[in-house]
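Shown next: my_file_17.txt, containing compact mmCIF, C-alpha atoms.
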# COMPACT_ATOMS: atom_id res chain seq x y z
CA MET M 1 -93.38 -101.89 203.90
CA SER M 2 -94.29 -101.54 200.24
CA THR M 3 -97.31 -103.17 198.63
CA ASP M 4 -95.00 -105.57 196.80
CA TRP M 5 -93.56 -106.86 200.06
CA VAL M 6 -97.06 -107.29 201.52
CA LEU M 7 -97.95 -109.48 198.54
CA VAL M 8 -94.70 -111.45 198.86
CA ALA M 9 -95.27 -111.95 202.59
CA GLY M 10 -98.82 -113.14 201.86
CA GLY M 11 -97.59 -115.57 199.20
CA TYR M 12 -94.86 -117.08 201.36
CA GLY M 13 -97.18 -117.16 204.38
CA VAL M 14 -99.87 -119.08 202.52
CA CYS M 15 -97.22 -121.43 201.21
CA ALA M 16 -95.90 -122.10 204.73
CA LEU M 17 -99.44 -122.68 206.04
CA THR M 18 -100.20 -125.13 203.23
CA TRP M 19 -97.11 -127.22 203.94
CA ALA M 20 -97.85 -127.06 207.68
CA ALA M 21 -101.34 -128.41 206.98
CA TYR M 22 -99.88 -131.30 205.00
CA ALA M 23 -97.38 -132.01 207.78
CA LEU M 24 -100.27 -132.10 210.25
CA LEU M 25 -102.23 -134.47 207.99
CA LEU M 26 -99.20 -136.73 207.75
CA ARG M 27 -98.74 -136.68 211.51
CA ARG M 28 -102.39 -137.54 212.13
CA SER M 29 -102.43 -140.35 209.58
CA GLY M 30 -99.20 -141.68 211.09
CA ARG M 31 -100.86 -141.78 214.48
CA ALA M 32 -103.84 -143.63 213.03
CA ARG M 33 -101.45 -146.11 211.49
CA ALA M 34 -99.66 -146.65 214.80
CA HIS M 35 -103.01 -147.08 216.54
CA ARG M 36 -104.04 -149.69 213.99
CA ARG M 37 -100.73 -151.51 214.44
CA GLU M 38 -101.34 -151.64 218.21
CA GLY M 39 -104.62 -153.42 217.60
CA GLY M 40 -107.05 -150.51 217.61
CA PRO M 41 -110.15 -150.43 215.42
CA MET X 1 -95.80 -148.56 195.63
CA SER X 2 -95.72 -149.62 199.21
CA TRP X 3 -92.13 -150.83 198.83
CA LEU X 4 -91.03 -147.24 198.33
CA SER X 5 -93.09 -146.04 201.25
CA ALA X 6 -91.85 -148.85 203.43
CA ALA X 7 -88.32 -147.93 202.49
CA LEU X 8 -88.84 -144.38 203.70
CA ARG X 9 -91.74 -144.05 206.15
CA GLY X 10 -90.97 -144.77 209.77
CA ARG X 11 -87.29 -145.11 209.06
CA PRO X 12 -84.41 -142.68 209.38
CA SER X 13 -84.41 -142.19 205.61
CA HIS X 14 -87.92 -140.69 205.72
CA THR X 15 -86.89 -138.31 208.48
CA LEU X 16 -83.78 -137.47 206.48
CA VAL X 17 -85.90 -136.53 203.46
CA GLY X 18 -88.11 -134.34 205.67
CA VAL X 19 -85.16 -132.60 207.30
CA SER X 20 -83.50 -132.11 203.89
CA ALA X 21 -86.71 -130.54 202.60
CA ALA X 22 -86.92 -128.19 205.60
CA VAL X 23 -83.26 -127.15 205.39
CA THR X 24 -83.48 -126.62 201.62
CA ALA X 25 -86.68 -124.60 202.08
CA ALA X 26 -84.99 -122.37 204.67
CA LEU X 27 -82.04 -121.79 202.31
CA ALA X 28 -84.46 -121.11 199.46
CA VAL X 29 -86.39 -118.51 201.47
CA LEU X 30 -83.13 -116.78 202.39
CA THR X 31 -82.01 -116.80 198.76
CA ASP X 32 -85.40 -115.73 197.35
CA LEU X 33 -86.04 -112.87 199.75
CA VAL X 34 -82.57 -111.59 200.61
CA LEU X 35 -79.82 -112.67 198.25
CA VAL X 36 -81.46 -112.42 194.82
CA PRO X 37 -82.04 -108.87 193.54
CA PRO X 38 -85.55 -107.68 192.65
CA ASP X 39 -86.72 -107.82 189.06
CA ALA X 40 -85.81 -104.72 187.03
CA VAL X 41 -89.39 -104.24 185.79
CA GLN X 42 -91.72 -105.95 188.30
CA GLY X 43 -89.79 -105.10 191.45
CA ASP X 44 -90.08 -107.21 194.60
CA ALA X 45 -93.45 -108.75 193.63
CA GLN X 46 -91.55 -110.95 191.17
CA ARG X 47 -90.18 -112.85 194.20
CA LEU X 48 -93.53 -114.66 194.23
CA MET X 49 -92.20 -116.58 191.21
CA TYR X 50 -89.99 -118.62 193.58
CA VAL X 51 -93.05 -120.18 195.22
CA HIS X 52 -95.56 -119.91 192.35
CA VAL X 53 -93.55 -121.93 189.82
CA PRO X 54 -92.45 -124.69 192.27
CA SER X 55 -96.07 -125.08 193.43
CA ALA X 56 -97.15 -125.63 189.82
CA TRP X 57 -94.21 -127.98 189.20
CA THR X 58 -95.09 -130.03 192.31
CA ALA X 59 -98.70 -130.25 191.18
CA TYR X 60 -97.61 -131.50 187.74
CA LEU X 61 -95.27 -134.01 189.37
CA CYS X 62 -98.00 -135.30 191.69
CA PHE X 63 -100.47 -135.68 188.84
CA ALA X 64 -97.87 -137.59 186.82
CA VAL X 65 -97.53 -139.93 189.82
CA VAL X 66 -101.34 -140.28 189.90
CA LEU X 67 -101.24 -141.22 186.20
CA LEU X 68 -98.50 -143.82 186.64
CA ALA X 69 -100.02 -145.29 189.80
CA SER X 70 -103.43 -145.48 188.11
CA LEU X 71 -101.89 -147.34 185.18
CA GLY X 72 -100.34 -149.67 187.76
CA VAL X 73 -103.74 -150.31 189.34
CA LEU X 74 -105.34 -151.10 185.99
CA ALA X 75 -102.45 -153.10 184.55
CA GLY X 76 -101.50 -155.11 187.58
CA HIS X 77 -104.77 -154.99 189.52
CA ASP X 78 -102.43 -154.23 192.35
CA ASP X 79 -104.01 -152.37 195.27
CA ARG X 80 -100.56 -151.27 196.47
CA TRP X 81 -100.60 -148.59 193.75
CA ASP X 82 -103.92 -147.14 194.86
CA PRO X 83 -102.73 -145.42 198.07
CA LEU X 84 -99.88 -143.85 196.11
CA ALA X 85 -102.36 -142.36 193.63
CA ARG X 86 -104.51 -141.00 196.43
CA ALA X 87 -101.58 -139.50 198.36
CA ALA X 88 -100.22 -137.82 195.23
CA ALA X 89 -103.65 -136.46 194.28
CA GLU X 90 -104.14 -134.99 197.76
CA LEU X 91 -100.88 -133.07 197.53
CA GLY X 92 -101.36 -132.17 193.87
CA ALA X 93 -104.78 -130.62 194.51
CA GLY X 94 -103.38 -128.51 197.35
CA MET X 95 -100.42 -127.40 195.27
CA THR X 96 -102.77 -126.41 192.43
CA ALA X 97 -104.83 -124.29 194.82
CA LEU X 98 -101.60 -122.76 196.13
CA THR X 99 -100.47 -122.01 192.57
CA LEU X 100 -103.74 -120.19 191.85
CA LEU X 101 -103.54 -118.20 195.07
CA GLU X 102 -99.95 -117.13 194.53
CA GLY X 103 -100.75 -116.36 190.90
CA ALA X 104 -103.58 -114.10 192.05
CA LEU X 105 -101.22 -112.25 194.39
CA TRP X 106 -98.61 -111.86 191.67
CA GLY X 107 -101.27 -110.93 189.10
CA SER X 108 -102.65 -108.20 191.33
CA SER X 109 -99.27 -106.51 191.00
CA SER X 110 -98.14 -107.35 187.46
CA TRP X 111 -101.51 -107.59 185.67
CA GLY X 112 -103.39 -105.13 187.85
CA THR X 113 -106.07 -107.71 188.66
CA TRP X 114 -106.50 -110.71 190.97
CA TRP X 115 -108.36 -112.73 188.34
CA ALA X 116 -108.50 -112.74 184.57
CA TRP X 117 -110.41 -114.98 182.19
CA ASP X 118 -107.06 -116.07 180.85
CA PRO X 119 -106.46 -119.53 179.29
CA ARG X 120 -103.75 -120.44 181.82
CA VAL X 121 -105.75 -119.26 184.84
CA VAL X 122 -109.02 -120.85 183.72
CA SER X 123 -107.41 -124.15 182.70
CA THR X 124 -105.56 -124.33 186.04
CA THR X 125 -108.83 -123.72 187.89
CA LEU X 126 -110.38 -126.55 185.88
CA LEU X 127 -107.38 -128.71 186.81
CA LEU X 128 -108.17 -128.14 190.48
CA VAL X 129 -111.84 -128.99 189.91
CA VAL X 130 -110.89 -132.20 188.06
CA TYR X 131 -108.63 -133.50 190.83
CA VAL X 132 -111.02 -132.49 193.61
CA ALA X 133 -113.62 -134.52 191.67
CA TYR X 134 -111.09 -137.37 191.50
CA LEU X 135 -110.74 -137.33 195.29
CA LEU X 136 -114.52 -137.19 195.71
CA VAL X 137 -115.01 -140.15 193.35
CA ARG X 138 -112.69 -142.13 195.58
CA SER X 139 -115.04 -141.60 198.50
CA LEU X 140 -118.11 -142.92 196.67
CA PRO X 141 -119.60 -146.06 198.18
CA GLY X 142 -119.12 -149.42 196.53
CA PRO X 143 -116.90 -152.47 196.49
CA ALA X 144 -113.27 -151.45 197.04
CA ALA X 145 -112.07 -153.03 193.79
CA ARG X 146 -114.65 -151.13 191.76
CA VAL X 147 -113.83 -147.84 193.50
CA ARG X 148 -110.12 -148.40 192.84
CA ARG X 149 -110.75 -149.15 189.17
CA ARG X 150 -113.08 -146.17 188.77
CA ALA X 151 -110.53 -143.87 190.42
CA ALA X 152 -107.73 -145.26 188.26
CA LEU X 153 -109.67 -144.57 185.05
CA LEU X 154 -110.32 -141.00 186.19
CA GLY X 155 -106.71 -140.60 187.32
CA ILE X 156 -105.54 -141.47 183.81
CA ALA X 157 -108.08 -139.31 181.99
CA ALA X 158 -107.50 -136.33 184.30
CA PHE X 159 -103.87 -136.03 183.23
CA ALA X 160 -105.04 -134.65 179.89
CA GLN X 161 -105.90 -131.46 181.74
CA VAL X 162 -102.27 -131.12 182.88
CA VAL X 163 -101.24 -131.12 179.21
CA VAL X 164 -103.89 -128.48 178.44
CA VAL X 165 -102.64 -126.28 181.31
CA HIS X 166 -99.01 -126.55 180.26
CA PHE X 167 -99.62 -125.71 176.60
CA SER X 168 -102.41 -123.20 177.18
CA VAL X 169 -99.99 -120.27 176.92
CA LEU X 170 -98.84 -121.51 173.51
CA TRP X 171 -102.18 -122.66 172.08
CA TRP X 172 -104.15 -119.51 172.94
CA ARG X 173 -103.49 -115.81 173.40
CA SER X 174 -102.66 -115.44 177.06
CA LEU X 175 -101.72 -112.75 179.54
CA HIS X 176 -99.53 -115.34 181.20
CA GLN X 177 -95.96 -115.47 180.02
CA PRO X 178 -94.79 -118.49 177.98
CA PRO X 179 -92.42 -121.05 179.55
CA THR X 180 -89.19 -119.44 180.76
CA VAL X 181 -87.09 -122.43 181.80
CA LEU X 182 -88.61 -125.23 179.71
CA THR X 183 -88.17 -123.31 176.48
CA PRO X 184 -86.28 -124.19 173.29
CA ASP X 185 -84.60 -120.77 173.51
CA GLN X 186 -81.07 -121.18 174.84
CA PRO X 187 -79.92 -119.71 177.07
CA ALA X 188 -83.17 -119.45 179.01
CA PRO X 189 -84.35 -115.81 179.22
CA ILE X 190 -83.75 -115.49 182.96
CA ALA X 191 -80.83 -114.11 184.99
CA GLY X 192 -78.46 -116.76 186.36
CA SER X 193 -78.99 -115.82 190.02
CA MET X 194 -82.78 -115.94 189.60
CA LEU X 195 -82.57 -119.31 187.86
CA ALA X 196 -80.40 -120.66 190.70
CA ALA X 197 -82.92 -119.41 193.31
CA LEU X 198 -85.78 -120.93 191.35
CA LEU X 199 -84.00 -124.29 191.08
CA LEU X 200 -83.31 -124.28 194.83
CA SER X 201 -87.01 -123.71 195.52
CA LEU X 202 -87.88 -126.47 193.07
CA VAL X 203 -85.61 -128.88 194.96
CA ALA X 204 -87.20 -127.88 198.29
CA PHE X 205 -90.73 -128.44 196.99
CA THR X 206 -89.78 -131.73 195.34
CA LEU X 207 -88.20 -133.04 198.54
CA GLY X 208 -91.29 -131.94 200.46
CA ALA X 209 -93.48 -133.78 197.98
CA VAL X 210 -91.44 -136.99 198.28
CA TRP X 211 -91.61 -136.70 202.07
CA PHE X 212 -95.38 -136.20 202.16
CA VAL X 213 -96.42 -138.65 199.45
CA THR X 214 -94.29 -141.56 200.68
CA GLY X 215 -95.35 -141.03 204.30
CA ARG X 216 -99.02 -140.58 203.47
CA CYS X 217 -98.94 -143.57 201.13
CA ALA X 218 -97.54 -145.79 203.88
CA SER X 219 -100.22 -144.63 206.33
CA LEU X 220 -103.02 -145.17 203.80
CA SER X 221 -101.70 -148.62 202.96
CA ALA X 222 -101.71 -149.56 206.63
CA THR X 223 -105.06 -148.09 207.64
CA SER X 224 -107.34 -148.66 204.67
CA PRO X 225 -108.93 -152.04 204.01
CA ARG X 226 -107.25 -153.60 201.04
CA ARG X 227 -110.17 -155.69 199.99
CA SER X 228 -113.90 -155.26 200.17
CA PRO X 229 -116.00 -157.59 202.34
CA VAL X 230 -116.98 -159.45 199.18
CA GLU X 231 -113.33 -160.05 198.35
CA HIS X 232 -112.69 -161.31 201.88
CA ARG X 233 -115.03 -164.24 201.43
CA SER X 234 -113.43 -167.62 201.38
CA PRO X 235 -113.11 -169.07 197.92
CA VAL X 236 -116.00 -171.33 197.05
CA ALA X 237 -115.79 -173.89 194.31
CA ALA X 238 -118.33 -173.73 191.50
CA GLY X 239 -121.44 -175.63 192.39
CA GLU X 240 -120.89 -175.53 196.13
CA PRO X 241 -123.45 -173.73 198.25
CA ARG X 242 -122.18 -170.35 199.53
Starting from the file, give its structure as C-alpha cells.
Amino acid sequence: MSTDWVLVAGGYGVCALTWAAYALLLRRSGRARAHRREGGP
Amino acid sequence: MSWLSAALRGRPSHTLVGVSAAVTAALAVLTDLVLVPPDAVQGDAQRLMYVHVPSAWTAYLCFAVVLLASLGVLAGHDDRWDPLARAAAELGAGMTALTLLEGALWGSSSWGTWWAWDPRVVSTTLLLVVYVAYLLVRSLPGPAARVRRRAALLGIAAFAQVVVVHFSVLWWRSLHQPPTVLTPDQPAPIAGSMLAALLLSLVAFTLGAVWFVTGRCASLSATSPRRSPVEHRSPVAAGEPR
C-alpha cells in the first residue's frame, strides 16, 4: 500500500469515527430524553 | 426550531433521513475510492478532497444555522431556537476539527508538511477555537435567559470568522488553493467525474448534518430546563409581597 493510500485510509477512518461519535451522542441524548419522558429526574 | 425537530425526531422521517445519509455515504465512498480516477498531479492523496471539502461545507452550514437560530433567540426571545443553535454548534465544531485533520493529512502529501502558518489553516484553527469558546460560554452558570442571550450574541458575532476563513485564500497570499466550485470561472476547473463525486459526498454530509442536528435539537429541547428557577416563579403583582 502506497503512502497516499495510507493517508486516504487515515482520512476516511477519522471521518467515520467522527460520525460514529456523533451517532453515539445522539443515541445517548435520545435515551436521556426517553428517560425524562418516563418521569425520571 | 422544535417544530422541525418534532417533525423528524422519533418519527419514521428522521430514520429515513439517517438511512438516506448512510446509503449516500456508502455510495460516496465507493465512488470516491474506486470509481473516480486519481488526480493526474497529486495521485491518490487527492481523494481526501472528497471528505475534506464536505467537512468544511458542513461546518459552514452548521455555523450559518447557529447564526440564524441566535438571531431567532434575540429577536423572538424564543427559547425553542436555543437548542437548535447548540446542536448545530456541536456538529460544526467537530466538522471544523475534522476539516483541519484531513487538511493536515492532505497537506503532508501535497505541501510536504502537516502544518503551515497559512491564512486558511490559521483562520480555520481560530474558527474552531471561537466555536469551542461558544460552547463553553453556554455552560457558564447564571440564569437560563441570560445564558441564552449571551450565547446568542456570541453565536452571531462568531459567524464573522466563517467569512474570514472563506475569503482568506483571496485576501492573503495562501498555499491553499482558491475556491474550485464556488468560483466565477465557468466551467469550474475540475473534471466532471470528480465534481460528481464531490457533490455526492456533499449530499451525504448534508443529510448526516440534518439527521444529527434535528435529533439532537429535539433531545436538548426535551431534557434541558426551558426557564430558570427565577422565571418559574409565579407572577406577582407590583406592590404585593413576594
Pull the closest atom pair for each residue of chain X that gets at most 9 Å from chain M, along with the distance in Å to one decimal, counting only C-alpha atoms, ordering rows by chain and then ascending residue number, as CSV.
residue,atom,partner,partner_atom,distance
X:Gly10,CA,M:Gly30,CA,8.9
X:Val29,CA,M:Tyr12,CA,8.6
X:Leu33,CA,M:Val8,CA,8.8
X:Gly43,CA,M:Asp4,CA,7.5
X:Asp44,CA,M:Asp4,CA,5.6
X:Ala45,CA,M:Asp4,CA,4.8
X:Gln46,CA,M:Val8,CA,8.3
X:Arg47,CA,M:Val8,CA,6.6
X:Leu48,CA,M:Val8,CA,5.8
X:Val51,CA,M:Tyr12,CA,7.1
X:His52,CA,M:Gly11,CA,8.4
X:Ser55,CA,M:Cys15,CA,8.7
X:Leu91,CA,M:Tyr22,CA,7.7
X:Gly94,CA,M:Thr18,CA,7.5
X:Met95,CA,M:Thr18,CA,8.3
X:Leu98,CA,M:Cys15,CA,6.8
X:Leu101,CA,M:Gly11,CA,7.7
X:Glu102,CA,M:Gly11,CA,5.5
X:Gly103,CA,M:Gly11,CA,8.9
X:Leu105,CA,M:Leu7,CA,6.0
X:Trp106,CA,M:Leu7,CA,7.3
X:Ser108,CA,M:Leu7,CA,8.7
X:Ser109,CA,M:Asp4,CA,7.3
X:Gly208,CA,M:Trp19,CA,8.3
X:Phe212,CA,M:Leu26,CA,6.8
X:Val213,CA,M:Leu26,CA,9.0
X:Gly215,CA,M:Leu26,CA,6.7
X:Arg216,CA,M:Leu26,CA,5.8
X:Ala218,CA,M:Gly30,CA,8.5
X:Ser219,CA,M:Arg33,CA,5.5
X:Leu220,CA,M:Ser29,CA,7.5
X:Ser221,CA,M:Arg33,CA,8.9
X:Ala222,CA,M:Arg33,CA,6.0
X:Thr223,CA,M:Arg33,CA,5.6
Kindly indicate which residue among X:Leu16, X:Ala145, X:Ala22, X:Leu199 lies nearest to Tyr50 (chain X), using all atoms listed in the file for the distances.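 Of X:Leu16, X:Ala145, X:Ala22, X:Leu199, the one nearest Tyr50 (chain X) is X:Leu199, counting all atoms listed in the file.
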I'd like the interatomic distance between CA of Ala87 (chain X) and CA of Leu24 (chain M), to a tenth of an Å. 14.1 Å
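Between CA of Leu175 (chain X) and CA of Ala93 (chain X) the separation is 23.5 Å.
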For CA of Ala209 (chain X) and CA of Leu154 (chain X), determine how far apart the two atoms are, in Å to one decimal place.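 Value for the CA of Ala209 (chain X)-CA of Leu154 (chain X) distance: 21.8 Å.
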